[in-house]
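Listing of input.txt, compact mmCIF, C-alpha atoms and all ligand atoms
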# COMPACT_ATOMS: atom_id res chain seq x y z
CA MET A 429 -97.05 11.64 -4.09
CA LYS A 430 -98.45 8.67 -5.97
CA THR A 431 -98.98 5.23 -4.46
CA SER A 432 -99.01 2.25 -6.78
CA PHE A 433 -101.46 -0.63 -6.65
CA TYR A 434 -102.31 -3.87 -8.40
CA LYS A 435 -105.84 -4.55 -9.58
CA MET A 436 -106.47 -8.31 -9.50
CA HIS A 437 -109.36 -10.74 -9.52
CA GLY A 438 -110.20 -14.35 -8.80
CA LEU A 439 -113.23 -15.37 -10.91
CA GLY A 440 -114.41 -11.77 -11.01
CA ASN A 441 -114.16 -11.24 -7.24
CA ASP A 442 -111.92 -8.18 -7.55
CA PHE A 443 -109.21 -6.64 -5.41
CA VAL A 444 -107.03 -3.60 -5.04
CA VAL A 445 -103.66 -4.70 -3.63
CA MET A 446 -101.39 -2.13 -1.94
CA ASP A 447 -97.91 -2.84 -0.63
CA GLU A 448 -96.88 -1.69 2.84
CA ARG A 449 -93.76 -3.88 3.02
CA ALA A 450 -91.31 -1.01 2.47
CA ALA A 451 -93.26 1.74 4.23
CA ARG A 452 -96.61 2.15 5.96
CA LEU A 453 -99.32 3.91 3.95
CA ASP A 454 -101.93 6.07 5.61
CA LEU A 455 -104.79 3.57 5.10
CA THR A 456 -107.68 4.05 7.52
CA PRO A 457 -110.96 2.08 7.21
CA ALA A 458 -112.63 5.25 5.82
CA ARG A 459 -109.91 5.68 3.19
CA ILE A 460 -110.07 1.99 2.23
CA ALA A 461 -113.85 2.34 1.79
CA ALA A 462 -113.34 5.48 -0.35
CA LEU A 463 -110.71 3.78 -2.54
CA SER A 464 -112.96 0.71 -2.90
CA ASP A 465 -115.92 2.81 -4.10
CA ARG A 466 -116.74 1.91 -7.72
CA GLN A 467 -117.97 5.40 -8.63
CA ARG A 468 -115.59 7.64 -6.69
CA GLY A 469 -112.53 5.45 -6.14
CA ILE A 470 -110.66 2.63 -7.86
CA GLY A 471 -113.40 0.12 -7.08
CA CYS A 472 -113.17 -3.42 -5.70
CA ASP A 473 -114.91 -6.04 -3.57
CA GLN A 474 -111.92 -6.37 -1.22
CA PHE A 475 -108.89 -4.23 -0.47
CA VAL A 476 -105.70 -6.18 0.26
CA VAL A 477 -102.68 -4.84 2.13
CA LEU A 478 -99.27 -6.56 2.05
CA ARG A 479 -96.99 -6.25 5.07
CA PRO A 480 -93.65 -7.87 5.95
CA ALA A 481 -94.13 -11.39 7.35
CA CYS A 482 -93.31 -11.83 11.03
CA ARG A 483 -93.80 -15.61 11.30
CA GLU A 484 -91.06 -18.11 10.47
CA GLY A 485 -91.56 -19.64 7.04
CA ALA A 486 -94.02 -16.99 5.80
CA ASP A 487 -93.27 -14.95 2.65
CA VAL A 488 -95.68 -12.08 3.29
CA PHE A 489 -98.29 -10.95 5.81
CA VAL A 490 -101.65 -10.22 4.19
CA ARG A 491 -104.59 -8.22 5.55
CA PHE A 492 -107.99 -8.36 3.87
CA PHE A 493 -110.54 -5.53 4.03
CA ASN A 494 -114.05 -5.41 2.59
CA ALA A 495 -115.26 -2.58 0.37
CA ASP A 496 -116.98 -1.05 3.42
CA GLY A 497 -113.61 -0.81 5.24
CA SER A 498 -114.24 -3.69 7.67
CA GLU A 499 -111.47 -6.27 8.10
CA SER A 500 -111.81 -10.01 7.48
CA GLY A 501 -109.55 -12.82 8.68
CA ALA A 502 -109.72 -14.63 5.35
CA CYS A 503 -110.34 -14.21 1.64
CA GLY A 504 -109.86 -17.27 -0.54
CA ASN A 505 -109.82 -15.59 -3.95
CA ALA A 506 -107.45 -12.82 -2.79
CA SER A 507 -105.17 -15.44 -1.22
CA ARG A 508 -104.72 -17.06 -4.63
CA CYS A 509 -104.03 -13.65 -6.19
CA VAL A 510 -101.42 -12.70 -3.57
CA ALA A 511 -99.78 -16.14 -3.88
CA SER A 512 -99.45 -15.65 -7.64
CA LEU A 513 -98.05 -12.12 -7.13
CA ILE A 514 -95.45 -13.29 -4.60
CA GLY A 515 -94.64 -16.33 -6.73
CA ARG A 516 -93.86 -14.09 -9.70
CA GLU A 517 -91.93 -11.59 -7.57
CA ARG A 518 -89.72 -14.22 -5.90
CA GLY A 519 -89.62 -16.86 -8.62
CA ILE A 520 -91.13 -19.47 -6.30
CA THR A 521 -94.06 -21.87 -6.73
CA SER A 522 -95.04 -22.45 -3.08
CA PRO A 523 -95.48 -19.08 -1.33
CA VAL A 524 -96.67 -19.15 2.27
CA LEU A 525 -99.08 -16.39 3.30
CA GLN A 526 -99.36 -15.20 6.88
CA THR A 527 -102.92 -14.07 7.61
CA ARG A 528 -104.94 -13.28 10.73
CA ALA A 529 -106.36 -16.80 10.37
CA GLY A 530 -102.92 -18.44 10.30
CA LEU A 531 -100.31 -19.52 7.76
CA LEU A 532 -101.71 -20.54 4.36
CA LYS A 533 -99.56 -22.72 2.11
CA SER A 534 -100.05 -22.38 -1.63
CA GLU A 535 -98.96 -24.18 -4.80
CA ILE A 536 -98.81 -22.49 -8.19
CA ALA A 537 -99.35 -24.95 -11.05
CA PRO A 538 -97.61 -24.58 -14.44
CA ASP A 539 -100.92 -23.36 -15.95
CA GLY A 540 -100.98 -20.48 -13.43
CA THR A 541 -103.85 -21.79 -11.32
CA VAL A 542 -103.22 -21.65 -7.60
CA ARG A 543 -104.08 -24.10 -4.85
CA VAL A 544 -104.36 -22.65 -1.36
CA ASP A 545 -104.56 -24.74 1.79
CA MET A 546 -107.21 -22.78 3.68
CA GLY A 547 -106.65 -24.82 6.85
CA PRO A 548 -109.32 -26.63 8.85
CA PRO A 549 -112.79 -25.11 9.28
CA ALA A 550 -113.93 -24.07 12.76
CA LEU A 551 -117.36 -25.52 13.50
CA GLY A 552 -118.02 -24.64 17.13
CA TRP A 553 -120.52 -21.86 17.83
CA ARG A 554 -117.99 -19.75 19.78
CA ASP A 555 -115.37 -20.00 17.01
CA ILE A 556 -117.64 -19.02 14.09
CA PRO A 557 -118.68 -16.87 16.08
CA LEU A 558 -122.38 -17.11 16.96
CA ALA A 559 -124.04 -15.08 19.69
CA ARG A 560 -125.33 -18.09 21.61
CA GLU A 561 -125.07 -21.85 21.73
CA VAL A 562 -127.04 -23.43 18.87
CA ASP A 563 -126.53 -26.43 16.57
CA THR A 564 -124.15 -25.01 13.93
CA LEU A 565 -125.48 -27.52 11.38
CA HIS A 566 -129.02 -26.10 11.68
CA LEU A 567 -129.17 -22.43 12.58
CA PRO A 568 -132.59 -21.16 13.69
CA LEU A 569 -132.82 -18.76 10.72
CA TRP A 570 -134.58 -18.50 7.36
CA GLY A 571 -133.62 -21.42 5.09
CA ASP A 572 -132.16 -23.64 7.86
CA PRO A 573 -128.52 -22.65 7.13
CA ALA A 574 -125.40 -24.40 8.41
CA ALA A 575 -122.48 -22.34 9.76
CA ALA A 576 -118.70 -22.70 9.52
CA SER A 577 -115.68 -20.44 9.82
CA MET A 578 -112.85 -20.55 7.30
CA GLY A 579 -111.08 -17.80 9.25
CA ASN A 580 -114.19 -15.71 8.54
CA PRO A 581 -117.85 -16.45 9.39
CA HIS A 582 -120.08 -18.19 6.84
CA ALA A 583 -123.60 -19.58 6.79
CA THR A 584 -124.78 -21.74 3.89
CA VAL A 585 -128.42 -22.14 2.89
CA PHE A 586 -129.10 -25.24 0.77
CA LEU A 587 -131.82 -24.45 -1.75
CA GLU A 588 -133.70 -26.75 -4.12
CA ALA A 589 -132.31 -26.74 -7.68
CA ASP A 590 -135.26 -24.72 -9.06
CA ASP A 591 -135.45 -22.26 -6.14
CA ALA A 592 -135.67 -18.62 -7.29
CA THR A 593 -134.43 -16.96 -4.06
CA ASP A 594 -132.61 -13.69 -4.74
CA PRO A 595 -129.52 -13.43 -2.45
CA ARG A 596 -129.92 -9.64 -2.58
CA GLN A 597 -133.19 -10.00 -0.64
CA GLN A 598 -132.25 -12.54 2.06
CA GLY A 599 -128.48 -11.88 2.12
CA PRO A 600 -128.37 -8.45 3.80
CA VAL A 601 -131.02 -9.41 6.35
CA MET A 602 -129.13 -12.56 7.35
CA GLU A 603 -125.69 -10.85 7.28
CA HIS A 604 -126.93 -8.56 10.06
CA ASP A 605 -128.89 -11.13 12.10
CA PRO A 606 -128.11 -10.80 15.84
CA LEU A 607 -127.05 -14.47 15.84
CA PHE A 608 -123.85 -13.28 14.07
CA PRO A 609 -122.06 -10.85 16.43
CA GLU A 610 -119.44 -10.11 13.72
CA ARG A 611 -121.97 -10.34 10.86
CA ALA A 612 -121.55 -13.20 8.35
CA ASN A 613 -121.14 -14.13 4.71
CA ILE A 614 -124.26 -15.90 3.45
CA GLY A 615 -123.99 -18.62 0.79
CA PHE A 616 -126.94 -19.81 -1.31
CA ALA A 617 -126.07 -23.30 -2.56
CA GLN A 618 -127.84 -25.61 -4.98
CA VAL A 619 -126.50 -29.15 -5.01
CA ARG A 620 -126.64 -30.57 -8.56
CA ALA A 621 -124.74 -33.80 -7.88
CA ARG A 622 -122.70 -35.13 -4.96
CA ASP A 623 -119.61 -33.51 -6.50
CA ASP A 624 -121.16 -30.45 -8.15
CA MET A 625 -122.76 -27.37 -6.65
CA ARG A 626 -123.91 -23.95 -7.78
CA LEU A 627 -123.21 -21.18 -5.27
CA ARG A 628 -123.97 -17.50 -4.89
CA VAL A 629 -122.56 -15.59 -1.92
CA TRP A 630 -123.81 -12.41 -0.28
CA GLU A 631 -120.54 -11.20 1.24
CA ARG A 632 -120.25 -9.37 4.52
CA GLY A 633 -119.15 -5.82 3.79
CA ALA A 634 -119.19 -6.24 0.01
CA GLY A 635 -122.61 -7.53 -1.09
CA LEU A 636 -123.26 -10.03 -3.87
CA THR A 637 -119.95 -10.89 -5.57
CA LEU A 638 -119.17 -12.99 -8.65
CA ALA A 639 -117.30 -15.57 -6.54
CA CYS A 640 -116.23 -16.18 -2.94
CA GLY A 641 -113.38 -18.60 -2.24
CA SER A 642 -113.85 -18.98 1.50
CA GLY A 643 -117.63 -19.20 0.87
CA ALA A 644 -117.05 -22.09 -1.56
CA CYS A 645 -114.90 -23.88 1.06
CA ALA A 646 -117.52 -23.33 3.79
CA ALA A 647 -120.32 -24.53 1.48
CA VAL A 648 -118.46 -27.77 0.69
CA VAL A 649 -117.73 -28.35 4.39
CA ASN A 650 -121.38 -27.74 5.27
CA GLY A 651 -122.62 -29.88 2.36
CA VAL A 652 -120.42 -32.77 3.52
CA ARG A 653 -121.61 -32.34 7.13
CA ARG A 654 -125.21 -32.47 5.89
CA GLY A 655 -124.50 -35.66 3.93
CA LEU A 656 -125.22 -33.93 0.59
CA LEU A 657 -121.74 -33.81 -0.95
CA GLU A 658 -118.55 -35.82 -1.40
CA ARG A 659 -115.41 -34.28 0.09
CA THR A 660 -114.18 -33.21 -3.37
CA CYS A 661 -116.54 -30.88 -5.19
CA ARG A 662 -116.78 -28.55 -8.16
CA VAL A 663 -118.27 -25.22 -7.09
CA GLU A 664 -119.74 -23.12 -9.88
CA MET A 665 -120.30 -19.44 -9.13
CA ASP A 666 -121.40 -16.64 -11.46
CA GLY A 667 -117.72 -15.76 -12.13
CA GLY A 668 -116.52 -19.32 -12.76
CA VAL A 669 -115.52 -22.57 -11.14
CA LEU A 670 -113.42 -23.48 -8.10
CA SER A 671 -112.37 -26.95 -7.13
CA VAL A 672 -112.61 -27.61 -3.39
CA LYS A 673 -111.47 -30.61 -1.38
CA TRP A 674 -112.04 -31.15 2.36
CA ARG A 675 -109.13 -33.51 3.02
CA GLU A 676 -109.98 -36.38 5.31
CA SER A 677 -106.46 -37.02 6.62
CA ASP A 678 -105.98 -33.67 8.39
CA GLY A 679 -109.31 -31.85 7.99
CA HIS A 680 -107.76 -29.07 5.87
CA VAL A 681 -109.73 -27.48 3.03
CA LEU A 682 -107.90 -27.10 -0.28
CA MET A 683 -109.15 -24.66 -2.90
CA ARG A 684 -107.90 -24.42 -6.48
CA GLY A 685 -108.68 -21.78 -9.09
CA PRO A 686 -107.33 -18.95 -11.22
CA ALA A 687 -105.67 -15.70 -10.14
CA THR A 688 -105.58 -12.81 -12.59
CA LEU A 689 -103.69 -9.53 -12.71
CA SER A 690 -105.94 -6.99 -14.47
CA PHE A 691 -103.67 -3.93 -14.42
CA GLU A 692 -101.30 -1.84 -12.33
CA GLY A 693 -101.99 1.78 -11.48
CA SER A 694 -101.25 4.59 -9.09
CA VAL A 695 -103.32 6.93 -7.00
CA VAL A 696 -102.81 10.01 -4.81
CA LEU A 697 -103.91 8.76 -1.38
CA ASP A 698 -104.24 12.25 0.14
CA THR A 699 -107.11 13.08 -2.21
CA TYR A 700 -109.23 10.42 -0.46
CA PRO A 701 -110.87 11.12 2.91
CA ARG A 702 -109.16 9.45 5.85
N1 LIG A 801 -114.30 -12.78 -1.30
C1 LIG A 801 -113.77 -13.49 -0.27
C2 LIG A 801 -114.16 -13.25 1.15
C3 LIG A 801 -113.90 -11.81 1.56
C4 LIG A 801 -114.15 -11.49 3.00
C5 LIG A 801 -115.60 -11.61 3.41
N2 LIG A 801 -116.46 -10.70 2.73
C6 LIG A 801 -115.69 -11.41 4.93
O1 LIG A 801 -116.01 -10.32 5.40
O2 LIG A 801 -115.41 -12.38 5.65
C7 LIG A 801 -113.26 -14.87 -0.59
O3 LIG A 801 -112.95 -15.11 -1.77
O4 LIG A 801 -113.11 -15.69 0.31

Would you write out, as structure tokens, the structure that this file holds?
Ligand SMILES: N[C@@H](CCC[C@H](N)C(=O)O)C(=O)O
Amino acid sequence: MKTSFYKMHGLGNDFVVMDERAARLDLTPARIAALSDRQRGIGCDQFVVLRPACREGADVFVRFFNADGSESGACGNASRCVASLIGRERGITSPVLQTRAGLLKSEIAPDGTVRVDMGPPALGWRDIPLAREVDTLHLPLWGDPAAASMGNPHATVFLEADDATDPRQQGPVMEHDPLFPERANIGFAQVRARDDMRLRVWERGAGLTLACGSGACAAVVNGVRRGLLERTCRVEMDGGVLSVKWRESDGHVLMRGPATLSFEGSVVLDTYPR
């Protein structure tokens, strides 16, 4: 029996989306990792599963998995993609996504770009989470990173504009540092102006990706906390640009960017190890 999927991306951060709203699929972490494999499976950075919403006001419940099969509470780029999918399916412009990190409101603009309210960041060491009490604005790690959770753990290193650090060297070491009991996504930011930043993100469970939505939100929050950025900032990643605003009135972080459907396909799940 074939199971259909959507292949989508947000600025080149790519996703396989499977729908469990009508019936549960036999998706174990091992099978998700096998399907996410770029040589032996469909291939993606994150694997997204849709379920029926169980919270009042939500249109769909979304679960995010990394390519290694681990689950994450948040994924900014996939949230925009799912919002655009649900918007098209239901003919609505403001889908509400239920996630492990809470309800996320979205707005689809006439040009197809999507704004997602990612909610407020969590900045306390227990909430990120960190293994012990430290100043979350200055972690005792290489590069003096700042930490924040956007529903998933992030640390942002602020590099000089001409710094040649390769995220593939420092990223995996920092992802697995014992200070992060659930591992972490590591952002490498270069502030170019108070409203303009370049960012590369080594993602937990997926490696270096072309863009990371929650990483862009965390980097803006950390840049503002460090006094380096304004609350509204352009974030340029290798896959393109996101616009991020850390709203003063309620502390929510708003992220706007594109959401693209690449193709639809189908796969025989039983041929993948479970
Ligand atoms: N690509 C994402 C984040 C995906 C999850 C992350 N790797 C984690 O494990 O927390 C985004 O766009 O936010």

Long-range neighbours of segment 599-604 of chain A as number ranges by chain, 8 Å cut-off, only C-alpha atoms, 2 positions minimum in chain: A: 569, 595-597, 606, 608, 611-614, 630-632, 635

Step by step, gather every atom of ligand LIG 801 (chain A) that the file lists, find the box along x, y and z that holds them, add 6 Å on each side, and finally give centre and edge lengths in Å to one decimal, as lines of an AutoDock Vina configuration file.
center_x = -114.7
center_y = -13.0
center_z = 1.9
size_x = 15.5
size_y = 17.4
size_z = 19.4

Cut-off 8 Å, all atoms listed in the file, neighbours of ligand LIG 801 (chain A) as a PyMOL selection string: chain A and resi 438+441+473-474+492-494+498-507+579-582+612-613+631-635+637+639-644

Residues as selected, C-alpha atoms, written as a short mmCIF file (atom, residue, chain, number, x, y, z; two decimals), in the coordinates of the input, can you do that?
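Output contents, as saved in part-v2.cif:
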data_model
loop_
_atom_site.label_atom_id
_atom_site.label_comp_id
_atom_site.auth_asym_id
_atom_site.auth_seq_id
_atom_site.Cartn_x
_atom_site.Cartn_y
_atom_site.Cartn_z
CA GLY A 438 -110.20 -14.35 -8.80
CA ASN A 441 -114.16 -11.24 -7.24
CA ASP A 473 -114.91 -6.04 -3.57
CA GLN A 474 -111.92 -6.37 -1.22
CA PHE A 492 -107.99 -8.36 3.87
CA PHE A 493 -110.54 -5.53 4.03
CA ASN A 494 -114.05 -5.41 2.59
CA SER A 498 -114.24 -3.69 7.67
CA GLU A 499 -111.47 -6.27 8.10
CA SER A 500 -111.81 -10.01 7.48
CA GLY A 501 -109.55 -12.82 8.68
CA ALA A 502 -109.72 -14.63 5.35
CA CYS A 503 -110.34 -14.21 1.64
CA GLY A 504 -109.86 -17.27 -0.54
CA ASN A 505 -109.82 -15.59 -3.95
CA ALA A 506 -107.45 -12.82 -2.79
CA SER A 507 -105.17 -15.44 -1.22
CA GLY A 579 -111.08 -17.80 9.25
CA ASN A 580 -114.19 -15.71 8.54
CA PRO A 581 -117.85 -16.45 9.39
CA HIS A 582 -120.08 -18.19 6.84
CA ALA A 612 -121.55 -13.20 8.35
CA ASN A 613 -121.14 -14.13 4.71
CA GLU A 631 -120.54 -11.20 1.24
CA ARG A 632 -120.25 -9.37 4.52
CA GLY A 633 -119.15 -5.82 3.79
CA ALA A 634 -119.19 -6.24 0.01
CA GLY A 635 -122.61 -7.53 -1.09
CA THR A 637 -119.95 -10.89 -5.57
CA ALA A 639 -117.30 -15.57 -6.54
CA CYS A 640 -116.23 -16.18 -2.94
CA GLY A 641 -113.38 -18.60 -2.24
CA SER A 642 -113.85 -18.98 1.50
CA GLY A 643 -117.63 -19.20 0.87
CA ALA A 644 -117.05 -22.09 -1.56
#

A:Pro480, A:Gly530, A:Gly497, A:Gly471 ranked by distance to Thr456 of chain A, top pick (using all atoms listed in the file): A:Gly497

Polymer residues at most 10 Å from Ala621 of chain A, only C-alpha atoms, same-chain spacing of 2 or more positions, as a list of chain:residue names: A:Gln618, A:Val619, A:Asp623, A:Asp624, A:Met625, A:Arg626, A:Leu656, A:Leu657, A:Glu658, A:Cys661, A:Arg662

Coordinates-based distance that separates atom CA of Val542 of chain A from atom CA of Lys673 of chain A (Å, one decimal): 13.7 Å

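When all atoms listed in the file are used to compute distances to Val477 of chain A, the closest of the residues A:Thr527, A:Ser522, A:Gln598, A:Ser512 turns out to be A:Thr527.
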
Non-local contacts of segment 684-694 of chain A (7 Å; only C-alpha atoms; under 5 positions in same chain excluded) as a PyMOL selection string: chain A and resi 430-439+508-509+512+540-544+670-672

Atomic distance atom CA of Glu588 of chain A - atom CA of Arg620 of chain A, expressed in Å with one decimal: 9.2 Å

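One distance worth recording is that between atom CA of Pro568 of chain A and atom CA of Val585 of chain A, which is 11.6 Å.
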
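You can rank A:Ala481, A:Leu463, A:Val669, A:Ala511 by their closest distance to Glu448 of chain A using only C-alpha atoms, and at the top of that list sits A:Ala481.
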
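Among the candidate residues A:Cys645, A:Cys482, A:Val445, A:Leu607, the one lying nearest to Ala559 of chain A is A:Leu607, with distances computed using all atoms listed in the file.
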
All residues 8 Å or closer to Pro523 of chain A, all atoms listed in the file, same chain fewer than 6 positions away omitted, as a ChimeraX atom specification: /A:486-487,511,514-515,533-535
